[in-house]
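Structure record follows, encoded as structure tokens.
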Amino acid sequence: MSQATNQSWGGRFSEPTDAFVARFTASVTFDQRLARQDIQGSIAHATMLARVGVLTDEERDTIINGLTEIQGEIERGEFNWSIPLEDVHMNIEARLTDKIGITGKKLHTGRSRNDQVATDIRLFMRDEIDVIEAELVRLREGMIELADREADTIMPGFTHLQTAQPVTFGHHLLAWQEMLTRDHERLLDCRKRVNVMPLGAAALAGTTYPIDRHVTAELLGFDRPAENSLDAVSDRDFAIEFTSFASILLMHLSRMSEELVLWTSAQFDFIDLPDRFCTGSSIMPQKKNPDVPELVRGKTGRVYGHLMALLTLMKSQPLAYNKDNQEDKEPLFDAVDTVRDCLKAFADMVPAIEPKKDSMYEAARRGFSTATDLADYLVRKGVAFRDAHEIVGQSVAYGLKTKKDLSEMTLEELQQFSATIEQDVFEVLTLEGSVAARNHIGGTAPDQVRAAASRAREALAALKGDA
Ligand code: ARG
């Protein structure tokens, strides 16, 4: 049985809360993470109340000093969080009243925990989005640099995970970078809808005090007060949007991880990851495992789970606030932490990728990756594409039988399949010729990759911090 709970709202209750119910309904074990934003919001609220004459300037200063001291207690780990006090909001308010007496009880004038919590999460998300954006920018910058450096490095490009055509490693990295550009745009777009202020909606209908929501919004750096009080306390779209951004980003990082894992294997042998990003095996002394990309791939699942949890949390909720909403925090916190850690891992790791250029080149030479180039060559000499396709198919079959790449066959061998083939064919059958020929915007030619990297750098500079 909890006596303490009754002090905040117990006036109409005839018995204390059941001890299990107090624990079951409490959120303080996890929402204490919002303490800094809660205090920030309360300071702005008290400042606004004094500005409109609901508090005196003296009361405001007493409240602000008390809250600032509490902030210090929390930071030093001295704050005594109480489960009977339910959540971060009532813990801080009760402590304030302990410290400054009756004035502490005036802080909640014209406010409810419903608009308070919605404000806290938005402030929290805004802070976290800015940290996440900085990591995303760091990753993108590192990736663009690596792409530029590897603009001439040739590797096989795949479809169906079968060797398809040669590409440059820089081009492959810039494909990753395009995914991240879209993620970056989504994040900044989400931030716009995060940065709207619920405070002043009070429980659901607004408040009878002469509050000025524009003042509070400005003090807290919000773009504007939320338009409708019912929507303000109940909207969690921004949380769903963030986890949706996070899910798509992690899906991308997972795809990149999968490639990194494949590429470090002895079978591919395309890259080396420095030892600091890998771990060993306790039984197999030779092992060096790509744990970091594997874990990022693995963590994608929990972020998808959080998106589903939040979507399901919100469906069927009638207006306005419902206690269900207390369940928004843990998925959101974990999504934030997971995204931040995965981005940090990638931002540290990507610039340290060491391509094994010879091995990539050899792999591109196997698997008849220039077969399409031979077909295009025949078309340029007047053969219809379907006939060219057939001729090259026969050449490949011959190559498989004799274990020769197209470029390793003699002119006479190639001419068995078409008399149109001449000495100049060997220019198109080289890997360098093949990639250089794809020389248009979006193509894999080294010059195009360098130009694309420089455009990417400019676009990133224009986008970053664009909030
Ligand atoms: N702990 C609550 C939450 O996280 C705070 C708001 C509670 N409001 C209420 N009327 N019970 O959503």
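Quick note on naming: the chains in the structure tokens go A, B, ... in the order shown, residues restart at 1 in each chain, and ligands are numbered from 1 in order of appearance.
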If you take only C-alpha atoms and all ligand atoms and a cut-off of 8 Å, which residues of chain A touch ligand 1, and what are their nearest atom pairs and distances in Å to one decimal, in chain and number order, as a Markdown table?
```
| residue | atom | partner | partner_atom_place_in_ligand_line | distance |
| --- | --- | --- | --- | --- |
| A:Ala26 | CA | ligand 1 | 1 (N) | 6.9 |
| A:Ser27 | CA | ligand 1 | 1 (N) | 5.4 |
| A:Val28 | CA | ligand 1 | 1 (N) | 7.5 |
| A:Asp31 | CA | ligand 1 | 4 (O) | 7.0 |
| A:Glu86 | CA | ligand 1 | 1 (N) | 7.0 |
| A:Asp87 | CA | ligand 1 | 1 (N) | 5.2 |
| A:Val88 | CA | ligand 1 | 1 (N) | 7.4 |
| A:His89 | CA | ligand 1 | 5 (C) | 7.3 |
| A:Ser112 | CA | ligand 1 | 8 (N) | 7.4 |
| A:Arg113 | CA | ligand 1 | 6 (C) | 4.6 |
| A:Asn114 | CA | ligand 1 | 6 (C) | 4.7 |
| A:Asp115 | CA | ligand 1 | 6 (C) | 7.9 |
| A:Gln116 | CA | ligand 1 | 6 (C) | 7.4 |
| A:Val117 | CA | ligand 1 | 5 (C) | 5.5 |
| A:Ala118 | CA | ligand 1 | 12 (O) | 7.7 |
| A:Ala203 | CA | ligand 1 | 10 (N) | 7.3 |
| A:Tyr321 | CA | ligand 1 | 10 (N) | 7.3 |
| A:Asn322 | CA | ligand 1 | 10 (N) | 7.5 |
| A:Lys323 | CA | ligand 1 | 12 (O) | 5.9 |
| A:Asp324 | CA | ligand 1 | 12 (O) | 7.3 |
| A:Asn325 | CA | ligand 1 | 12 (O) | 5.0 |
| A:Gln326 | CA | ligand 1 | 4 (O) | 3.5 |
| A:Glu327 | CA | ligand 1 | 4 (O) | 7.0 |
| A:Asp328 | CA | ligand 1 | 4 (O) | 7.5 |
| A:Lys329 | CA | ligand 1 | 4 (O) | 7.2 |
```
Looking only at helix (DSSP H, G or I) from DSSP on the backbone, list the matching residues of region 229-363 of chain A as a short mmCIF file (atom, residue, chain, number, x, y, z; two decimals) with C-alpha atoms, in the first residue's frame.
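Heads up, here's the output in part_16.cif:
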```cif
data_model
loop_
_atom_site.label_atom_id
_atom_site.label_comp_id
_atom_site.auth_asym_id
_atom_site.auth_seq_id
_atom_site.Cartn_x
_atom_site.Cartn_y
_atom_site.Cartn_z
CA SER A 229 -5.06 20.43 -27.49
CA LEU A 230 -6.70 17.00 -27.93
CA ASP A 231 -4.21 16.07 -30.63
CA ALA A 232 -1.30 17.62 -28.72
CA VAL A 233 -1.56 15.27 -25.73
CA SER A 234 -2.32 12.14 -27.73
CA ASP A 237 3.13 10.05 -34.82
CA PHE A 238 6.57 11.53 -34.36
CA ALA A 239 7.66 8.46 -32.39
CA ILE A 240 6.35 6.18 -35.12
CA GLU A 241 8.02 8.29 -37.77
CA PHE A 242 11.32 8.13 -35.94
CA THR A 243 11.19 4.34 -35.56
CA SER A 244 10.18 4.10 -39.18
CA PHE A 245 13.23 6.16 -40.15
CA ALA A 246 15.26 3.94 -37.80
CA SER A 247 13.90 0.73 -39.33
CA ILE A 248 14.72 1.80 -42.87
CA LEU A 249 18.18 3.01 -41.82
CA LEU A 250 18.91 -0.26 -40.01
CA MET A 251 17.63 -2.21 -43.02
CA HIS A 252 20.26 -0.35 -45.05
CA LEU A 253 23.01 -0.88 -42.48
CA SER A 254 22.03 -4.53 -42.37
CA ARG A 255 22.39 -4.87 -46.13
CA MET A 256 25.81 -3.23 -45.94
CA SER A 257 26.71 -5.51 -43.03
CA GLU A 258 25.75 -8.57 -45.01
CA GLU A 259 28.09 -7.50 -47.80
CA LEU A 260 30.91 -6.74 -45.36
CA VAL A 261 30.50 -10.17 -43.79
CA LEU A 262 30.56 -11.86 -47.19
CA TRP A 263 33.52 -9.81 -48.38
CA THR A 264 35.69 -10.64 -45.37
CA ASP A 275 41.37 -6.26 -35.95
CA ARG A 276 39.82 -3.68 -33.64
CA PHE A 277 36.43 -4.28 -35.26
CA ASP A 291 31.21 -9.23 -35.19
CA VAL A 292 30.47 -5.55 -35.64
CA PRO A 293 28.62 -5.86 -38.95
CA GLU A 294 27.02 -9.10 -37.76
CA LEU A 295 25.63 -7.38 -34.68
CA VAL A 296 24.35 -4.40 -36.63
CA ARG A 297 22.57 -6.88 -38.92
CA GLY A 298 21.17 -8.60 -35.85
CA LYS A 299 20.04 -5.44 -34.10
CA THR A 300 17.88 -4.50 -37.08
CA GLY A 301 15.24 -6.93 -35.84
CA ARG A 302 14.66 -5.21 -32.52
CA VAL A 303 14.18 -1.84 -34.21
CA TYR A 304 11.56 -3.32 -36.57
CA GLY A 305 9.96 -4.73 -33.42
CA HIS A 306 9.79 -1.28 -31.84
CA LEU A 307 8.11 0.13 -34.95
CA MET A 308 5.47 -2.60 -34.77
CA ALA A 309 5.08 -2.03 -31.02
CA LEU A 310 4.43 1.69 -31.47
CA LEU A 311 2.05 1.28 -34.40
CA THR A 312 0.09 -1.29 -32.43
CA LEU A 313 0.18 0.88 -29.31
CA MET A 314 -1.52 3.73 -31.12
CA LYS A 323 -2.38 5.41 -20.11
CA ASP A 324 -1.38 3.12 -23.00
CA ASN A 325 0.89 5.96 -24.06
CA GLN A 326 3.21 5.30 -21.17
CA GLU A 327 4.33 2.28 -23.24
CA ASP A 328 5.82 4.55 -25.90
CA LYS A 329 9.03 5.19 -24.01
CA GLU A 330 10.91 1.92 -23.82
CA PRO A 331 10.65 1.10 -27.54
CA LEU A 332 11.60 4.65 -28.41
CA PHE A 333 14.57 4.74 -26.02
CA ASP A 334 15.87 1.43 -27.29
CA ALA A 335 15.40 2.50 -30.92
CA VAL A 336 17.36 5.69 -30.22
CA ASP A 337 20.19 3.83 -28.48
CA THR A 338 20.40 1.14 -31.12
CA VAL A 339 20.48 3.58 -34.01
CA ARG A 340 23.11 5.73 -32.33
CA ASP A 341 25.37 2.78 -31.54
CA CYS A 342 25.01 1.21 -34.97
CA LEU A 343 25.79 4.51 -36.68
CA LYS A 344 28.80 5.02 -34.46
CA ALA A 345 30.06 1.52 -35.26
CA PHE A 346 29.68 2.17 -38.98
CA ALA A 347 31.12 5.68 -38.90
CA ASP A 348 34.23 4.32 -37.15
CA MET A 349 34.51 1.20 -39.31
CA VAL A 350 33.76 2.30 -42.89
CA PRO A 351 36.82 4.57 -43.35
CA ALA A 352 38.95 1.68 -42.04
CA LYS A 357 42.27 -4.78 -54.84
CA ASP A 358 44.05 -7.70 -56.51
CA SER A 359 41.59 -10.16 -55.16
CA MET A 360 38.61 -8.05 -56.25
CA TYR A 361 40.15 -7.68 -59.69
CA GLU A 362 40.74 -11.41 -60.06
CA ALA A 363 37.17 -12.12 -59.00
#
```
- Which residues in region 178-398 of chain A does DSSP call strand (DSSP E or B)? List them as number ranges by chain. A: 196-197, 224-225, 271-272, 279, 289, 354-355
Could the residues in this selection be saved with all heavy atoms as a CSV table (one decimal), in the first residue's frame?
```
chain,number,residue,atom,x,y,z
A,196,VAL,N,7.3,20.4,-32.3
A,196,VAL,CA,6.1,21.1,-32.1
A,196,VAL,C,5.7,21.0,-30.7
A,196,VAL,O,5.8,19.9,-30.1
A,196,VAL,CB,5.0,20.5,-33.1
A,196,VAL,CG1,3.6,21.2,-32.8
A,196,VAL,CG2,5.4,20.7,-34.5
A,197,MET,N,5.2,22.0,-30.0
A,197,MET,CA,5.0,22.0,-28.6
A,197,MET,C,3.6,21.7,-28.0
A,197,MET,O,2.7,22.5,-28.2
A,197,MET,CB,5.5,23.3,-28.0
A,197,MET,CG,5.5,23.3,-26.4
A,197,MET,SD,5.7,24.9,-25.7
A,197,MET,CE,4.1,25.6,-26.0
A,224,ARG,N,6.7,25.9,-33.0
A,224,ARG,CA,5.3,26.5,-32.8
A,224,ARG,C,4.6,25.6,-31.7
A,224,ARG,O,5.0,24.5,-31.5
A,224,ARG,CB,4.5,26.5,-34.1
A,224,ARG,CG,4.3,25.1,-34.7
A,224,ARG,CD,3.5,25.2,-36.0
A,224,ARG,NE,3.5,23.9,-36.6
A,224,ARG,CZ,2.6,22.9,-36.4
A,224,ARG,NH1,1.6,23.1,-35.5
A,224,ARG,NH2,2.6,21.7,-37.0
A,225,PRO,N,3.6,26.2,-31.1
A,225,PRO,CA,2.7,25.4,-30.2
A,225,PRO,C,1.8,24.5,-31.1
A,225,PRO,O,1.5,24.9,-32.2
A,225,PRO,CB,1.9,26.4,-29.5
A,225,PRO,CG,2.2,27.8,-30.0
A,225,PRO,CD,3.1,27.6,-31.2
A,271,ILE,N,37.8,-7.7,-48.9
A,271,ILE,CA,38.3,-6.6,-48.0
A,271,ILE,C,38.9,-7.2,-46.7
A,271,ILE,O,38.7,-8.4,-46.4
A,271,ILE,CB,37.1,-5.7,-47.5
A,271,ILE,CG1,36.0,-6.5,-46.8
A,271,ILE,CG2,36.5,-5.0,-48.7
A,271,ILE,CD1,35.1,-5.6,-46.0
A,272,ASP,N,39.6,-6.4,-46.0
A,272,ASP,CA,40.0,-6.7,-44.6
A,272,ASP,C,39.4,-5.7,-43.7
A,272,ASP,O,39.3,-4.5,-44.1
A,272,ASP,CB,41.5,-6.6,-44.6
A,272,ASP,CG,42.1,-7.6,-43.6
A,272,ASP,OD1,41.3,-8.5,-43.1
A,272,ASP,OD2,43.3,-7.6,-43.4
A,279,THR,N,36.5,-10.0,-33.6
A,279,THR,CA,36.8,-10.7,-32.4
A,279,THR,C,37.3,-12.1,-32.8
A,279,THR,O,37.0,-12.5,-34.0
A,279,THR,CB,35.7,-10.9,-31.4
A,279,THR,OG1,34.6,-11.6,-32.0
A,279,THR,CG2,35.2,-9.5,-30.9
A,289,ASN,N,36.4,-12.9,-36.6
A,289,ASN,CA,35.0,-12.8,-37.0
A,289,ASN,C,34.6,-11.3,-37.1
A,289,ASN,O,34.9,-10.5,-36.3
A,289,ASN,CB,34.2,-13.5,-35.9
A,289,ASN,CG,34.4,-15.0,-35.9
A,289,ASN,OD1,34.7,-15.6,-36.9
A,289,ASN,ND2,34.3,-15.5,-34.7
A,354,GLU,N,39.7,-2.0,-45.6
A,354,GLU,CA,40.8,-2.1,-46.5
A,354,GLU,C,40.5,-3.0,-47.7
A,354,GLU,O,40.4,-4.2,-47.5
A,354,GLU,CB,42.0,-2.7,-45.7
A,354,GLU,CG,42.5,-1.9,-44.6
A,354,GLU,CD,43.3,-2.7,-43.6
A,354,GLU,OE1,43.8,-3.8,-43.9
A,354,GLU,OE2,43.4,-2.1,-42.4
A,355,PRO,N,40.3,-2.4,-48.9
A,355,PRO,CA,40.0,-3.3,-50.0
A,355,PRO,C,41.2,-4.1,-50.5
A,355,PRO,O,42.3,-3.6,-50.4
A,355,PRO,CB,39.6,-2.3,-51.1
A,355,PRO,CG,40.0,-0.9,-50.6
A,355,PRO,CD,40.3,-1.0,-49.2
```
- region 119-131 of chain A surroundings by only C-alpha atoms, 7 Å radius, close-in-sequence under 2 positions cut, as an NGL selection string: :A and (34 or 37-38 or 41 or 115-117 or 133-135 or 191 or 194-195 or 197-199)
Serialized selection, N, CA, C and O atoms, as an mmCIF file, in the first residue's frame:
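What landed in selection28.cif:
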```
data_model
loop_
_atom_site.group_PDB
_atom_site.id
_atom_site.type_symbol
_atom_site.label_atom_id
_atom_site.label_comp_id
_atom_site.auth_asym_id
_atom_site.auth_seq_id
_atom_site.Cartn_x
_atom_site.Cartn_y
_atom_site.Cartn_z
ATOM 1 N N LEU A 34 14.023 10.972 -18.813
ATOM 2 C CA LEU A 34 13.531 12.256 -19.333
ATOM 3 C C LEU A 34 13.738 13.406 -18.350
ATOM 4 O O LEU A 34 13.238 14.515 -18.575
ATOM 5 N N GLN A 37 14.944 16.881 -19.625
ATOM 6 C CA GLN A 37 13.940 17.575 -20.436
ATOM 7 C C GLN A 37 12.753 17.996 -19.579
ATOM 8 O O GLN A 37 12.130 19.031 -19.826
ATOM 9 N N ASP A 38 12.430 17.185 -18.551
ATOM 10 C CA ASP A 38 11.311 17.523 -17.673
ATOM 11 C C ASP A 38 11.600 18.830 -16.940
ATOM 12 O O ASP A 38 10.739 19.710 -16.828
ATOM 13 N N GLY A 41 11.523 21.785 -19.351
ATOM 14 C CA GLY A 41 10.128 22.163 -19.635
ATOM 15 C C GLY A 41 9.509 22.916 -18.465
ATOM 16 O O GLY A 41 8.781 23.909 -18.651
ATOM 17 N N ASP A 115 0.255 16.886 -21.069
ATOM 18 C CA ASP A 115 1.019 17.750 -21.993
ATOM 19 C C ASP A 115 2.488 17.789 -21.584
ATOM 20 O O ASP A 115 3.378 17.956 -22.421
ATOM 21 N N GLN A 116 2.737 17.559 -20.291
ATOM 22 C CA GLN A 116 4.125 17.576 -19.802
ATOM 23 C C GLN A 116 4.931 16.419 -20.413
ATOM 24 O O GLN A 116 6.030 16.625 -20.937
ATOM 25 N N VAL A 117 4.351 15.219 -20.358
ATOM 26 C CA VAL A 117 5.113 14.067 -20.861
ATOM 27 C C VAL A 117 5.302 14.168 -22.375
ATOM 28 O O VAL A 117 6.373 13.864 -22.906
ATOM 29 N N GLU A 133 21.976 12.635 -36.041
ATOM 30 C CA GLU A 133 22.317 13.264 -37.326
ATOM 31 C C GLU A 133 23.832 13.463 -37.440
ATOM 32 O O GLU A 133 24.414 13.214 -38.498
ATOM 33 N N ALA A 134 24.452 13.875 -36.335
ATOM 34 C CA ALA A 134 25.902 14.110 -36.389
ATOM 35 C C ALA A 134 26.646 12.809 -36.730
ATOM 36 O O ALA A 134 27.600 12.820 -37.525
ATOM 37 N N GLU A 135 26.204 11.677 -36.180
ATOM 38 C CA GLU A 135 26.844 10.397 -36.493
ATOM 39 C C GLU A 135 26.593 10.000 -37.945
ATOM 40 O O GLU A 135 27.475 9.470 -38.619
ATOM 41 N N ARG A 191 12.212 15.389 -37.829
ATOM 42 C CA ARG A 191 12.515 16.392 -36.800
ATOM 43 C C ARG A 191 11.541 17.577 -36.846
ATOM 44 O O ARG A 191 11.188 18.143 -35.822
ATOM 45 N N VAL A 194 8.629 16.549 -34.923
ATOM 46 C CA VAL A 194 8.971 16.401 -33.501
ATOM 47 C C VAL A 194 8.926 17.774 -32.825
ATOM 48 O O VAL A 194 8.450 17.916 -31.700
ATOM 49 N N ASN A 195 9.381 18.784 -33.546
ATOM 50 C CA ASN A 195 9.640 20.079 -32.911
ATOM 51 C C ASN A 195 8.402 20.981 -32.826
ATOM 52 O O ASN A 195 8.439 22.142 -33.211
ATOM 53 N N MET A 197 5.200 22.023 -30.025
ATOM 54 C CA MET A 197 5.050 21.983 -28.563
ATOM 55 C C MET A 197 3.632 21.670 -28.048
ATOM 56 O O MET A 197 2.709 22.457 -28.250
ATOM 57 N N PRO A 198 3.485 20.567 -27.328
ATOM 58 C CA PRO A 198 2.179 20.231 -26.742
ATOM 59 C C PRO A 198 1.821 21.063 -25.507
ATOM 60 O O PRO A 198 0.653 21.194 -25.172
ATOM 61 N N LEU A 199 2.827 21.605 -24.826
ATOM 62 C CA LEU A 199 2.599 22.252 -23.532
ATOM 63 C C LEU A 199 1.519 23.328 -23.646
ATOM 64 O O LEU A 199 1.503 24.116 -24.589
#
```
- Query: At what distance in Å, to one decimal, does CA of Val167 (chain A) lie from CA of Met155 (chain A)?
  - Reply: 5.6 Å
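Residue nearest Ser369 (chain A) within the list A:Gly433, A:Gly77, A:Gly110, A:Pro274: A:Gly433 [criterion: smallest interatomic distance, only C-alpha atoms].
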